[in-house]
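Trainee: My structure file final-v1.pdb, PDB, C-alpha atoms, is below:
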ATOM      1  CA  MET A   9       0.000   0.000   0.000
ATOM      2  CA  HIS A  10       0.980   3.593  -0.434
ATOM      3  CA  SER A  11       1.730   5.609   2.632
ATOM      4  CA  PRO A  12       0.088   9.004   3.077
ATOM      5  CA  SER A  13       3.454  10.628   2.460
ATOM      6  CA  HIS A  14       4.057   8.465  -0.579
ATOM      7  CA  CYS A  15       7.138   8.913  -2.712
ATOM      8  CA  PRO A  16       8.719   6.578  -5.295
ATOM      9  CA  THR A  17       9.909   3.433  -3.547
ATOM     10  CA  SER A  18      13.523   2.421  -4.051
ATOM     11  CA  PRO A  19      14.843  -1.166  -4.170
ATOM     12  CA  SER A  20      16.515  -0.789  -0.781
ATOM     13  CA  ALA A  21      13.232   0.447   0.735
ATOM     14  CA  ARG A  22      11.502  -2.708  -0.472
ATOM     15  CA  ARG A  23      14.346  -4.825   0.897
ATOM     16  CA  THR A  24      14.028  -3.096   4.261
ATOM     17  CA  LEU A  25      10.317  -3.953   4.429
ATOM     18  CA  ARG A  26      11.039  -7.602   3.685
ATOM     19  CA  ILE A  27      13.761  -7.688   6.322
ATOM     20  CA  HIS A  28      11.309  -6.261   8.863
ATOM     21  CA  PHE A  29       8.841  -9.015   8.048
ATOM     22  CA  ALA A  30      11.495 -11.749   8.146
ATOM     23  CA  LEU A  31      12.747 -10.528  11.495
ATOM     24  CA  LEU A  32       9.225 -10.438  12.928
ATOM     25  CA  VAL A  33       8.534 -13.977  11.704
ATOM     26  CA  TRP A  34      11.762 -15.155  13.337
ATOM     27  CA  LEU A  35      10.780 -13.512  16.642
ATOM     28  CA  LEU A  36       7.377 -15.160  16.563
ATOM     29  CA  LEU A  37       8.876 -18.588  15.924
ATOM     30  CA  ARG A  38      10.829 -18.412  19.201
ATOM     31  CA  ASP A  39       9.365 -18.840  22.661
ATOM     32  CA  LEU A  40       7.589 -15.590  23.453
ATOM     33  CA  THR A  41       9.334 -13.518  26.114
ATOM     34  CA  VAL A  42       8.954  -9.934  27.313
ATOM     35  CA  ALA A  43      12.122  -8.960  25.480
ATOM     36  CA  ARG A  44      10.989 -10.543  22.203
ATOM     37  CA  ALA A  45       7.481  -9.105  22.429
ATOM     38  CA  THR A  46       8.923  -5.651  23.110
ATOM     39  CA  ALA A  47      11.371  -6.009  20.230
ATOM     40  CA  GLY A  48       8.463  -6.943  18.000
ATOM     41  CA  LEU A  49       6.589  -3.792  19.027
ATOM     42  CA  ALA A  50       9.611  -1.625  18.296
ATOM     43  CA  LEU A  51       9.852  -3.252  14.886
ATOM     44  CA  LEU A  52       6.189  -2.486  14.183
ATOM     45  CA  VAL A  53       6.562   1.175  15.129
ATOM     46  CA  VAL A  54       9.382   1.605  12.604
ATOM     47  CA  TRP A  55       7.458  -0.414  10.022
ATOM     48  CA  ALA A  56       4.317   1.727  10.503
ATOM     49  CA  ASN A  57       6.261   4.756   9.330
ATOM     50  CA  LEU A  58       7.587   2.966   6.244
ATOM     51  CA  HIS A  59       4.680   1.115   4.667
ATOM     52  CA  GLY A  60       1.028   0.200   5.117
ATOM     53  CA  SER A  61       1.851  -3.511   5.099
ATOM     54  CA  VAL A  62       2.519  -3.065   8.831
ATOM     55  CA  LEU A  63      -1.057  -4.325   9.231
ATOM     56  CA  VAL A  64       0.223  -7.836   8.478
ATOM     57  CA  GLY A  65       2.903  -7.639  11.153
ATOM     58  CA  SER A  66       0.487  -6.059  13.621
ATOM     59  CA  LEU A  67      -2.003  -8.900  13.265
ATOM     60  CA  LEU A  68       0.707 -11.559  13.504
ATOM     61  CA  LEU A  69       2.253 -10.159  16.674
ATOM     62  CA  GLY A  70      -1.158  -9.482  18.191
ATOM     63  CA  ALA A  71      -2.286 -13.061  17.528
ATOM     64  CA  ALA A  72       0.918 -14.446  19.064
ATOM     65  CA  CYS A  73       0.606 -12.313  22.204
ATOM     66  CA  VAL A  74      -3.100 -12.827  22.781
ATOM     67  CA  ARG A  75      -2.529 -16.550  23.332
ATOM     68  CA  GLN A  76      -1.017 -15.831  26.763
ATOM     69  CA  VAL A  77      -2.800 -13.698  29.357
ATOM     70  CA  ARG A  78       0.345 -11.973  30.597
ATOM     71  CA  PHE A  79       1.076 -10.734  27.079
ATOM     72  CA  LEU A  80      -2.356  -9.152  26.523
ATOM     73  CA  PRO A  81      -0.933  -5.600  26.919
ATOM     74  CA  TRP A  82       1.557  -6.379  24.146
ATOM     75  CA  ALA A  83      -1.290  -7.724  22.000
ATOM     76  CA  VAL A  84      -3.216  -4.463  22.388
ATOM     77  CA  ALA A  85      -0.093  -2.441  21.677
ATOM     78  CA  ALA A  86       0.616  -4.523  18.567
ATOM     79  CA  LEU A  87      -2.851  -3.843  17.174
ATOM     80  CA  ALA A  88      -2.412  -0.130  17.902
ATOM     81  CA  ALA A  89       1.077   0.044  16.355
ATOM     82  CA  PRO A  90      -0.183   1.214  12.899
ATOM     83  CA  LEU A  91      -1.355   4.401  14.655
ATOM     84  CA  ALA A  92       2.203   5.224  15.726
ATOM     85  CA  THR A  93       2.773   7.704  12.893
ATOM     86  CA  PRO A  94       2.612  11.494  12.672
ATOM     87  CA  TYR A  95      -0.943  11.046  11.335
ATOM     88  CA  GLY A  96      -2.221   9.436  14.527
ATOM     89  CA  TRP A  97      -5.829   8.254  14.471
ATOM     90  CA  SER A  98      -6.474   9.768  11.027
ATOM     91  CA  ILE A  99      -4.385   6.959   9.507
ATOM     92  CA  VAL A 100      -7.451   4.731   9.963
ATOM     93  CA  HIS A 101      -9.171   6.569   7.119
ATOM     94  CA  TYR A 102      -6.175   5.886   4.907
ATOM     95  CA  TYR A 103      -6.293   2.149   5.532
ATOM     96  CA  SER A 104     -10.061   1.894   5.065
ATOM     97  CA  SER A 105      -9.974   3.892   1.827
ATOM     98  CA  VAL A 106      -7.111   1.831   0.397
ATOM     99  CA  LEU A 107      -8.445  -1.601   1.331
ATOM    100  CA  GLY A 108     -11.893  -0.705   0.031
ATOM    101  CA  ASN A 109     -10.739   0.934  -3.200
ATOM    102  CA  SER A 110     -11.453  -1.333  -6.166
ATOM    103  CA  ALA A 111      -9.924   1.215  -8.552
ATOM    104  CA  LEU A 112      -6.434   0.254  -7.330
ATOM    105  CA  GLN A 113      -6.639  -3.001  -9.273
ATOM    106  CA  ARG A 114      -6.578  -1.062 -12.521
ATOM    107  CA  PHE A 115      -3.152   0.426 -11.892
ATOM    108  CA  ALA A 116      -0.978  -2.273 -10.377
ATOM    109  CA  SER A 117      -0.782  -5.988 -11.069
ATOM    110  CA  GLU A 118       0.046  -6.590  -7.406
ATOM    111  CA  TRP A 119      -3.559  -5.737  -6.496
ATOM    112  CA  LYS A 120      -4.990  -8.203  -9.023
ATOM    113  CA  PRO A 121      -5.841 -11.839  -8.239
ATOM    114  CA  ALA A 122      -3.292 -14.469  -9.186
ATOM    115  CA  SER A 123      -5.607 -15.760 -11.914
ATOM    116  CA  ALA A 124      -5.447 -12.369 -13.680
ATOM    117  CA  ASP A 125      -1.741 -12.791 -14.478
ATOM    118  CA  PRO A 126      -0.721 -16.479 -14.274
ATOM    119  CA  VAL A 127       2.707 -15.747 -15.761
ATOM    120  CA  ALA A 128       3.555 -13.300 -12.976
ATOM    121  CA  ALA A 129       2.205 -15.752 -10.398
ATOM    122  CA  VAL A 130       4.010 -18.859 -11.655
ATOM    123  CA  GLY A 131       6.592 -18.669  -8.863
ATOM    124  CA  PHE A 132       3.830 -18.448  -6.279
ATOM    125  CA  PHE A 133       2.012 -21.436  -7.766
ATOM    126  CA  ALA A 134       5.255 -23.432  -7.637
ATOM    127  CA  LEU A 135       5.728 -22.462  -3.980
ATOM    128  CA  VAL A 136       2.215 -23.632  -3.105
ATOM    129  CA  VAL A 137       2.780 -26.992  -4.829
ATOM    130  CA  VAL A 138       6.143 -27.555  -3.121
ATOM    131  CA  VAL A 139       4.865 -26.652   0.340
ATOM    132  CA  ALA A 140       1.796 -28.848  -0.108
ATOM    133  CA  TYR A 141       4.006 -31.762  -1.167
ATOM    134  CA  VAL A 142       6.364 -31.297   1.802
ATOM    135  CA  LEU A 143       3.447 -31.126   4.250
ATOM    136  CA  ALA A 144       1.854 -34.255   2.778
ATOM    137  CA  ALA A 145       5.142 -36.167   2.835
ATOM    138  CA  GLY A 146       5.833 -35.051   6.386
ATOM    139  CA  TRP A 147       2.347 -35.994   7.527
ATOM    140  CA  ARG A 148       2.846 -39.534   6.228
ATOM    141  CA  GLN A 149       6.019 -39.701   8.336
ATOM    142  CA  GLY A 150       4.153 -38.525  11.415
ATOM    143  CA  VAL A 151       5.559 -34.968  11.360
ATOM    144  CA  ARG A 152       2.989 -32.410  12.466
ATOM    145  CA  PRO A 153       3.761 -28.775  11.608
ATOM    146  CA  PRO A 154       3.419 -26.082  14.302
ATOM    147  CA  ALA A 155      -0.206 -24.916  14.221
ATOM    148  CA  PRO A 156       0.488 -21.133  14.400
ATOM    149  CA  LEU A 157       3.030 -21.282  11.578
ATOM    150  CA  LEU A 158       0.712 -23.439   9.488
ATOM    151  CA  VAL A 159      -2.221 -21.043   9.999
ATOM    152  CA  VAL A 160      -0.141 -17.984   9.079
ATOM    153  CA  THR A 161       1.144 -19.708   5.943
ATOM    154  CA  VAL A 162      -2.291 -20.849   4.805
ATOM    155  CA  VAL A 163      -3.884 -17.447   5.441
ATOM    156  CA  LEU A 164      -1.179 -15.538   3.558
ATOM    157  CA  MET A 165      -1.231 -18.033   0.686
ATOM    158  CA  ALA A 166      -5.012 -17.661   0.416
ATOM    159  CA  ALA A 167      -4.528 -13.897   0.363
ATOM    160  CA  GLY A 168      -1.909 -14.378  -2.362
ATOM    161  CA  PHE A 169      -4.508 -15.990  -4.606
ATOM    162  CA  ALA A 170      -6.832 -13.043  -3.977
ATOM    163  CA  GLU A 171      -4.158 -10.379  -4.560
ATOM    164  CA  LEU A 172      -0.676 -10.918  -5.955
ATOM    165  CA  ARG A 173       0.843  -8.473  -3.490
ATOM    166  CA  TRP A 174       0.491 -10.993  -0.650
ATOM    167  CA  GLU A 175       2.645 -13.599  -2.372
ATOM    168  CA  THR A 176       5.877 -12.050  -1.115
ATOM    169  CA  TRP A 177       4.658 -12.131   2.484
ATOM    170  CA  ALA A 178       3.423 -15.719   2.115
ATOM    171  CA  ALA A 179       6.823 -16.898   0.912
ATOM    172  CA  PHE A 180       8.526 -16.135   4.244
ATOM    173  CA  PRO A 181       6.460 -18.361   6.578
ATOM    174  CA  ALA A 182       6.009 -20.944   3.795
ATOM    175  CA  ALA A 183       9.764 -21.407   3.460
ATOM    176  CA  VAL A 184      10.159 -21.652   7.240
ATOM    177  CA  LEU A 185       7.282 -24.140   7.468
ATOM    178  CA  ALA A 186       8.677 -26.398   4.756
ATOM    179  CA  THR A 187      12.168 -26.251   6.247
ATOM    180  CA  ASP A 188      10.828 -27.057   9.713
ATOM    181  CA  VAL A 189       8.985 -30.121   8.445
ATOM    182  CA  LEU A 190      11.977 -31.371   6.438
ATOM    183  CA  ASN A 191      14.448 -30.868   9.279
ATOM    184  CA  ARG A 192      12.300 -31.961  12.211
ATOM    185  CA  TYR A 193      14.254 -35.164  12.668
ATOM    186  CA  GLN A 194      17.503 -33.172  12.898
ATOM    187  CA  ARG A 195      16.483 -31.191  15.952
ATOM    188  CA  GLY A 196      18.875 -31.680  18.777
ATOM    189  CA  THR A 197      21.469 -29.934  20.856
ATOM    190  CA  ALA A 198      22.691 -27.816  17.950
ATOM    191  CA  GLU A 199      19.354 -26.003  17.592
ATOM    192  CA  PRO A 200      19.824 -23.303  20.292
ATOM    193  CA  ARG A 201      23.167 -22.309  18.816
ATOM    194  CA  ARG A 202      21.772 -22.365  15.306
ATOM    195  CA  GLY A 203      18.861 -20.211  16.449
ATOM    196  CA  ARG A 204      21.174 -17.648  17.978
ATOM    197  CA  LEU A 205      23.260 -17.507  14.812
ATOM    198  CA  ILE A 206      20.184 -17.027  12.640
ATOM    199  CA  GLY A 207      18.898 -14.330  14.975
ATOM    200  CA  ALA A 208      22.215 -12.502  14.888
ATOM    201  CA  PHE A 209      22.279 -12.688  11.086
ATOM    202  CA  ILE A 210      18.746 -11.303  10.710
ATOM    203  CA  THR A 211      19.466  -8.519  13.202
ATOM    204  CA  LEU A 212      22.587  -7.508  11.281
ATOM    205  CA  ALA A 213      20.691  -7.696   8.001
ATOM    206  CA  ALA A 214      17.920  -5.485   9.381
ATOM    207  CA  ALA A 215      20.461  -2.944  10.634
ATOM    208  CA  GLY A 216      22.196  -3.003   7.272
ATOM    209  CA  GLY A 217      18.914  -2.484   5.420
ATOM    210  CA  VAL A 218      17.986   0.514   7.567
ATOM    211  CA  ALA A 219      21.474   1.976   7.119
ATOM    212  CA  ALA A 220      21.272   1.496   3.334
ATOM    213  CA  LEU A 221      17.905   3.214   3.222
ATOM    214  CA  ALA A 222      19.143   6.116   5.354
ATOM    215  CA  THR A 223      22.207   6.708   3.194
ATOM    216  CA  GLU A 224      20.589   6.164  -0.191
ATOM    217  CA  SER A 225      20.887   9.020  -2.653
ATOM    218  CA  PRO A 226      17.693  10.749  -3.837
ATOM    219  CA  SER A 227      18.439   9.740  -7.438
ATOM    220  CA  SER A 228      17.853   6.061  -6.646
ATOM    221  CA  PHE A 229      14.199   6.845  -5.972
ATOM    222  CA  GLU A 230      13.827   8.227  -9.491
ATOM    223  CA  GLN A 231      15.230   5.399 -11.601
ATOM    224  CA  THR A 232      11.917   4.444 -13.211
ATOM    225  CA  LEU A 233      10.582   7.977 -13.748
ATOM    226  CA  PRO A 234      10.194   9.529 -17.232
ATOM    227  CA  SER A 235      12.553  12.315 -16.167
ATOM    228  CA  ARG A 236      12.892  14.252 -19.411
ATOM    229  CA  ALA A 237       9.180  14.138 -20.162
ATOM    230  CA  MET A 238       8.432  15.401 -16.661
ATOM    231  CA  THR A 239      11.004  18.178 -16.984
ATOM    232  CA  ALA A 240       9.456  19.345 -20.262
ATOM    233  CA  GLY A 241       5.985  19.349 -18.763
ATOM    234  CA  ALA A 242       7.135  21.188 -15.643
ATOM    235  CA  ARG A 243       8.992  23.787 -17.713
ATOM    236  CA  TYR A 244       5.891  24.542 -19.761
ATOM    237  CA  ALA A 245       3.794  24.778 -16.602
ATOM    238  CA  ASP A 246       6.319  27.183 -15.117
ATOM    239  CA  GLU A 247       6.095  29.406 -18.181
ATOM    240  CA  HIS A 248       2.279  29.265 -18.099
ATOM    241  CA  PRO A 249       1.163  29.681 -14.457
ATOM    242  CA  GLY A 250      -2.464  28.907 -15.263
ATOM    243  CA  ALA A 251      -1.721  25.557 -16.925
ATOM    244  CA  ARG A 252      -2.907  22.441 -15.127
ATOM    245  CA  ILE A 253      -1.193  19.077 -15.562
ATOM    246  CA  LEU A 254      -2.635  15.632 -16.138
ATOM    247  CA  ALA A 255       0.057  12.949 -15.774
ATOM    248  CA  ASP A 256      -0.118   9.165 -15.844
ATOM    249  CA  ASP A 257       0.455   6.800 -12.921
ATOM    250  CA  ASP A 258       4.202   6.566 -13.594
ATOM    251  CA  SER A 259       4.872  10.305 -13.651
ATOM    252  CA  ALA A 260       2.299  12.066 -11.432
ATOM    253  CA  ASP A 261       4.147  11.246  -8.222
ATOM    254  CA  GLY A 262       7.479  12.059  -9.805
ATOM    255  CA  LEU A 263       6.313  15.517 -10.843
ATOM    256  CA  LEU A 264       5.394  16.403  -7.268
ATOM    257  CA  TRP A 265       8.523  14.696  -5.928
ATOM    258  CA  ARG A 266      10.874  16.593  -8.220
ATOM    259  CA  HIS A 267       8.817  19.774  -8.657
ATOM    260  CA  PRO A 268       6.969  20.446  -5.392
ATOM    261  CA  GLU A 269       6.087  23.910  -6.671
ATOM    262  CA  LEU A 270       3.476  22.190  -8.859
ATOM    263  CA  GLU A 271       1.389  21.278  -5.821
ATOM    264  CA  GLY A 272      -2.264  21.897  -6.560
ATOM    265  CA  ARG A 273      -1.713  21.870 -10.322
ATOM    266  CA  VAL A 274      -1.220  18.122 -10.893
ATOM    267  CA  ALA A 275      -4.536  16.282 -11.185
ATOM    268  CA  PHE A 276      -3.631  13.022  -9.455
ATOM    269  CA  ASP A 277      -0.817  11.407  -7.568
ATOM    270  CA  ASP A 278      -0.319   7.924  -6.226
ATOM    271  CA  ARG A 279      -2.359   8.549  -3.076
ATOM    272  CA  LEU A 280      -5.360   7.056  -4.836
ATOM    273  CA  GLU A 281      -7.207   6.605  -1.564
ATOM    274  CA  ILE A 282      -7.911  10.344  -1.307
ATOM    275  CA  TYR A 283      -9.750  10.547  -4.642
ATOM    276  CA  PRO A 284     -13.298   9.369  -5.473
ATOM    277  CA  ALA A 285     -13.284   5.935  -7.091
ATOM    278  CA  ALA A 286     -15.191   7.295 -10.112
ATOM    279  CA  ALA A 287     -12.468   9.883 -10.741
ATOM    280  CA  VAL A 288      -9.733   7.259 -10.394
ATOM    281  CA  ASN A 289     -11.497   4.969 -12.856
ATOM    282  CA  ALA A 290     -11.864   7.838 -15.333
ATOM    283  CA  TRP A 291      -8.129   8.511 -14.959
ATOM    284  CA  ALA A 292      -7.444   4.826 -15.606
ATOM    285  CA  ASP A 293      -9.533   4.922 -18.794
ATOM    286  CA  TRP A 294      -7.463   7.870 -20.031
ATOM    287  CA  ILE A 295      -4.182   6.117 -19.214
ATOM    288  CA  LEU A 296      -5.354   2.981 -21.017
ATOM    289  CA  GLY A 297      -6.281   5.040 -24.079
ATOM    290  CA  LYS A 298     -10.010   4.392 -23.745
ATOM    291  CA  ARG A 299     -11.101   8.023 -23.461
ATOM    292  CA  PRO A 300      -9.760  11.520 -24.132
ATOM    293  CA  PRO A 301      -8.360  13.583 -21.275
ATOM    294  CA  PRO A 302     -10.925  15.577 -19.295
ATOM    295  CA  ALA A 303     -11.294  19.268 -20.011
ATOM    296  CA  GLY A 304      -9.246  21.787 -18.079
ATOM    297  CA  TYR A 305      -5.805  20.186 -18.353
ATOM    298  CA  VAL A 306      -3.289  21.831 -20.668
ATOM    299  CA  VAL A 307      -0.135  19.771 -20.052
ATOM    300  CA  LEU A 308      -0.206  15.985 -20.472
ATOM    301  CA  VAL A 309       2.663  13.691 -19.439
ATOM    302  CA  ALA A 310       3.012   9.935 -20.011
ATOM    303  CA  SER A 311       5.647   7.286 -19.412
ATOM    304  CA  SER A 312       6.703   5.015 -22.260
ATOM    305  CA  SER A 313       5.227   2.050 -20.366
ATOM    306  CA  ASN A 314       1.714   3.325 -21.184
ATOM    307  CA  ARG A 315       1.960   2.756 -24.918
ATOM    308  CA  ALA A 316      -1.610   3.571 -25.911
ATOM    309  CA  LEU A 317      -1.422   6.876 -24.066
ATOM    310  CA  VAL A 318       1.956   7.711 -25.595
ATOM    311  CA  ARG A 319       0.552   7.152 -29.084
ATOM    312  CA  SER A 320      -2.351   9.446 -28.262
ATOM    313  CA  LEU A 321      -0.117  12.231 -26.945
ATOM    314  CA  ARG A 322       2.116  12.083 -30.015
ATOM    315  CA  THR A 323      -0.864  13.326 -32.082
ATOM    316  CA  MET A 324      -0.972  16.551 -30.015
ATOM    317  CA  ARG A 325       1.478  19.440 -29.744
ATOM    318  CA  VAL A 326       4.499  17.579 -28.453
ATOM    319  CA  LEU A 327       6.753  19.284 -25.933
ATOM    320  CA  TYR A 328       9.074  16.300 -25.637
ATOM    321  CA  ALA A 329       9.133  12.762 -27.014
ATOM    322  CA  GLY A 330      11.796  10.233 -26.173
ATOM    323  CA  LYS A 331      12.507   6.753 -24.912
ATOM    324  CA  ASP A 332      11.305   7.562 -21.396
ATOM    325  CA  GLY A 333       7.964   9.108 -22.372
ATOM    326  CA  VAL A 334       6.078  12.018 -23.894
ATOM    327  CA  ALA A 335       4.972  15.469 -22.752
ATOM    328  CA  ALA A 336       2.381  17.311 -24.816
ATOM    329  CA  ARG A 337       0.051  20.267 -24.612
ATOM    330  CA  ARG A 338      -3.383  20.984 -25.943
TER     331      ARG A 338
END
Can you present the structure in this file as structure tokens?
Mentor:
Amino acid sequence: MHSPSHCPTSPSARRTLRIHFALLVWLLLRDLTVARATAGLALLVVWANLHGSVLVGSLLLGAACVRQVRFLPWAVAALAAPLATPYGWSIVHYYSSVLGNSALQRFASEWKPASADPVAAVGFFALVVVVAYVLAAGWRQGVRPPAPLLVVTVVLMAAGFAELRWETWAAFPAAVLATDVLNRYQRGTAEPRRGRLIGAFITLAAAGGVAALATESPSSFEQTLPSRAMTAGARYADEHPGARILADDDSADGLLWRHPELEGRVAFDDRLEIYPAAAVNAWADWILGKRPPPAGYVVLVASSSNRALVRSLRTMRVLYAGKDGVAARR
């Protein structure tokens, strides 16, 4: 999901989110202690300020803590962790508007069901088959998987079929579950040491991910943006103060990120939850080349990835056309 202060997400930012999730899963697989529950809460607070997927971690930690009476305060705190942002209680509106926004499926394949793009989901399908085979083989040998880990895996896999974006999260507990079943007979005196080594590795990896994100240059956030097309559109808007801009899903955020002076003049950005669904769907139709742009917008910007839109803009008064995209005016 997009955070309220959304900006283009860099590769290291995505890695940091995955490390957070992996670390939380590792904590939950150990015997729950005050120190581990508190560490999990601290992890959620950081996560809440990075990405909306903190809801997954919040539910997992809350479910783990609620099983023991003495950890009920930690369970409540885990469920409240998504509120630990500068937005406070108002973040609830963000989550409800995103999760209930069907228009999102028109812009990103990750919001579509696995059946909508079987090629993109082939790795997920293979994971499901492998895990199912390992569980069946283990069951025949009398190996029973840990119930909490099994439930988490099944729930996230089911969510992965509903929306592709959950496949990444499902892979973490699925891999741990399959490994646990395969290695159950090897458990012995070496396990505590192995557990400490794994914990130390994940902790170092998490610290490294946070450090990489903190030291990353601004340019790394702009690698996929149609930079020259955006610059041409922004230059024209600067020369014509009354001009309003309609940009596609790949460039709208980038325009505001690189040219904050355009605030209030760009029709949409990636915070789709703040716009009416009808308006978002109309925007999607324009991006897909199914309808002309609405009246009132003088500057139009498109990334090369939206081919139908690029072809349409090339028939107008072109301000810039290149490999990265097109900027045109009416």
Trainee: Compile the contact shell of range 35-46 of chain A as a PyMOL selection string: residues with an atom at most 12 Å away, counting all atoms listed in the file, same-chain residues fewer than 5 positions apart removed.
Mentor: chain A and resi 28-30+51-53+65-76+78-86+89+154-158+160+180-181+184-185+188+199-200+203-204+206-208+210-211
Trainee: Work out how far apart CA of Glu247 in chain A and CA of Ile295 in chain A are and give it in Å to one decimal.
Mentor: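 If I compute the distance from CA of Glu247 in chain A to CA of Ile295 in chain A, I get 25.5 Å.
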Trainee: Return the single residue from A:Trp294, A:Ala167, A:Leu135, A:Arg173 that is closest to Val318 in chain A, with distances computed using all atoms listed in the file.
Mentor: A:Trp294
Trainee: Nearest residue to Ala128 in chain A out of A:Val159, A:Ala92, A:Leu172, A:Leu87, using all atoms listed in the file?
Mentor: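 Of A:Val159, A:Ala92, A:Leu172, A:Leu87, the one nearest Ala128 in chain A, counting all atoms listed in the file, is A:Leu172.
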Trainee: On this structure, which residues satisfy the PyMOL selection byres ((chain A and resi 332) around 9), written as a VMD selection string?
Mentor: chain A and resid 232 to 237 310 to 313 329 to 331 333 to 334
Trainee: Would you translate the PyMOL selection byres ((chain A and resi 93) around 10) into the concrete set of residues it matches in this file, as a list of chain:residue names?
Mentor: A:Val53, A:Val54, A:Trp55, A:Ala56, A:Asn57, A:Leu58, A:Ala89, A:Pro90, A:Leu91, A:Ala92, A:Pro94, A:Tyr95, A:Gly96, A:Trp97, A:Ser98, A:Ile99
Trainee: Can you tell me how far CA of Val309 in chain A sits from CA of Arg337 in chain A, in Å to one decimal?
Mentor: 8.8 Å
Trainee: Evaluate the PyMOL selection byres ((chain A and resi 245) around 12) against this structure - the residues, as an mmCIF file with C-alpha atoms, in the coordinates of the input, please.
Mentor:
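Contents of result36.cif, as written:
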data_model
loop_
_atom_site.group_PDB
_atom_site.id
_atom_site.type_symbol
_atom_site.label_atom_id
_atom_site.label_comp_id
_atom_site.auth_asym_id
_atom_site.auth_seq_id
_atom_site.Cartn_x
_atom_site.Cartn_y
_atom_site.Cartn_z
ATOM 1 C CA MET A 238 8.432 15.401 -16.661
ATOM 2 C CA THR A 239 11.004 18.178 -16.984
ATOM 3 C CA ALA A 240 9.456 19.345 -20.262
ATOM 4 C CA GLY A 241 5.985 19.349 -18.763
ATOM 5 C CA ALA A 242 7.135 21.188 -15.643
ATOM 6 C CA ARG A 243 8.992 23.787 -17.713
ATOM 7 C CA TYR A 244 5.891 24.542 -19.761
ATOM 8 C CA ASP A 246 6.319 27.183 -15.117
ATOM 9 C CA GLU A 247 6.095 29.406 -18.181
ATOM 10 C CA HIS A 248 2.279 29.265 -18.099
ATOM 11 C CA PRO A 249 1.163 29.681 -14.457
ATOM 12 C CA GLY A 250 -2.464 28.907 -15.263
ATOM 13 C CA ALA A 251 -1.721 25.557 -16.925
ATOM 14 C CA ARG A 252 -2.907 22.441 -15.127
ATOM 15 C CA ILE A 253 -1.193 19.077 -15.562
ATOM 16 C CA LEU A 254 -2.635 15.632 -16.138
ATOM 17 C CA LEU A 263 6.313 15.517 -10.843
ATOM 18 C CA HIS A 267 8.817 19.774 -8.657
ATOM 19 C CA GLU A 269 6.087 23.910 -6.671
ATOM 20 C CA LEU A 270 3.476 22.190 -8.859
ATOM 21 C CA GLU A 271 1.389 21.278 -5.821
ATOM 22 C CA ARG A 273 -1.713 21.870 -10.322
ATOM 23 C CA VAL A 274 -1.220 18.122 -10.893
ATOM 24 C CA TYR A 305 -5.805 20.186 -18.353
ATOM 25 C CA VAL A 306 -3.289 21.831 -20.668
ATOM 26 C CA VAL A 307 -0.135 19.771 -20.052
ATOM 27 C CA LEU A 308 -0.206 15.985 -20.472
ATOM 28 C CA VAL A 309 2.663 13.691 -19.439
ATOM 29 C CA LEU A 327 6.753 19.284 -25.933
ATOM 30 C CA ALA A 335 4.972 15.469 -22.752
ATOM 31 C CA ALA A 336 2.381 17.311 -24.816
ATOM 32 C CA ARG A 337 0.051 20.267 -24.612
#
Trainee: In Å, how far is it from CA of Tyr283 in chain A to CA of Val326 in chain A?
Mentor: 28.6 Å
Trainee: I need the residue nearest Pro126 in chain A from this list: A:Arg148, A:Glu171, A:Leu264, A:Ser104. Use all atoms listed in the file for the distance.
Mentor: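 When distances to Pro126 in chain A are compared using all atoms listed in the file, the smallest one comes from A:Glu171.
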Trainee: What's around Asp125 in chain A at 12 Å? Count all atoms listed in the file, leave out sequence neighbours fewer than 6 positions away in its own chain, and write the answer as a short mmCIF file (atom, residue, chain, number, x, y, z; two decimals) with C-alpha atoms, in the frame of the given file.
Mentor:
data_model
loop_
_atom_site.label_atom_id
_atom_site.label_comp_id
_atom_site.auth_asym_id
_atom_site.auth_seq_id
_atom_site.Cartn_x
_atom_site.Cartn_y
_atom_site.Cartn_z
CA ALA A 116 -0.98 -2.27 -10.38
CA SER A 117 -0.78 -5.99 -11.07
CA GLU A 118 0.05 -6.59 -7.41
CA TRP A 119 -3.56 -5.74 -6.50
CA GLY A 131 6.59 -18.67 -8.86
CA PHE A 132 3.83 -18.45 -6.28
CA PHE A 133 2.01 -21.44 -7.77
CA PHE A 169 -4.51 -15.99 -4.61
CA ALA A 170 -6.83 -13.04 -3.98
CA GLU A 171 -4.16 -10.38 -4.56
CA LEU A 172 -0.68 -10.92 -5.96
#
Trainee: Ranking A:Ala255, A:Val162, A:Ala275, A:Ala183 by minimum distance to Leu317 in chain A and counting all atoms listed in the file, which one comes first?
Mentor: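 Nearest to Leu317 in chain A: A:Ala255.
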Trainee: Please write as a VMD selection string the list of polymer residues whose atoms come within 9 Å of (-4.5, 5.3, -6.3), counting all atoms listed in the file and keeping to the coordinates of the file.
Mentor: chain A and resid 10 106 109 111 to 112 115 257 276 to 283 285 288
Trainee: Could you check which of A:Arg338, A:Ser61, A:Ala286, A:Trp177 is closest to Ala303 in chain A, using only C-alpha atoms?
Mentor: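 Distance minimum relative to Ala303 in chain A lands on A:Arg338.
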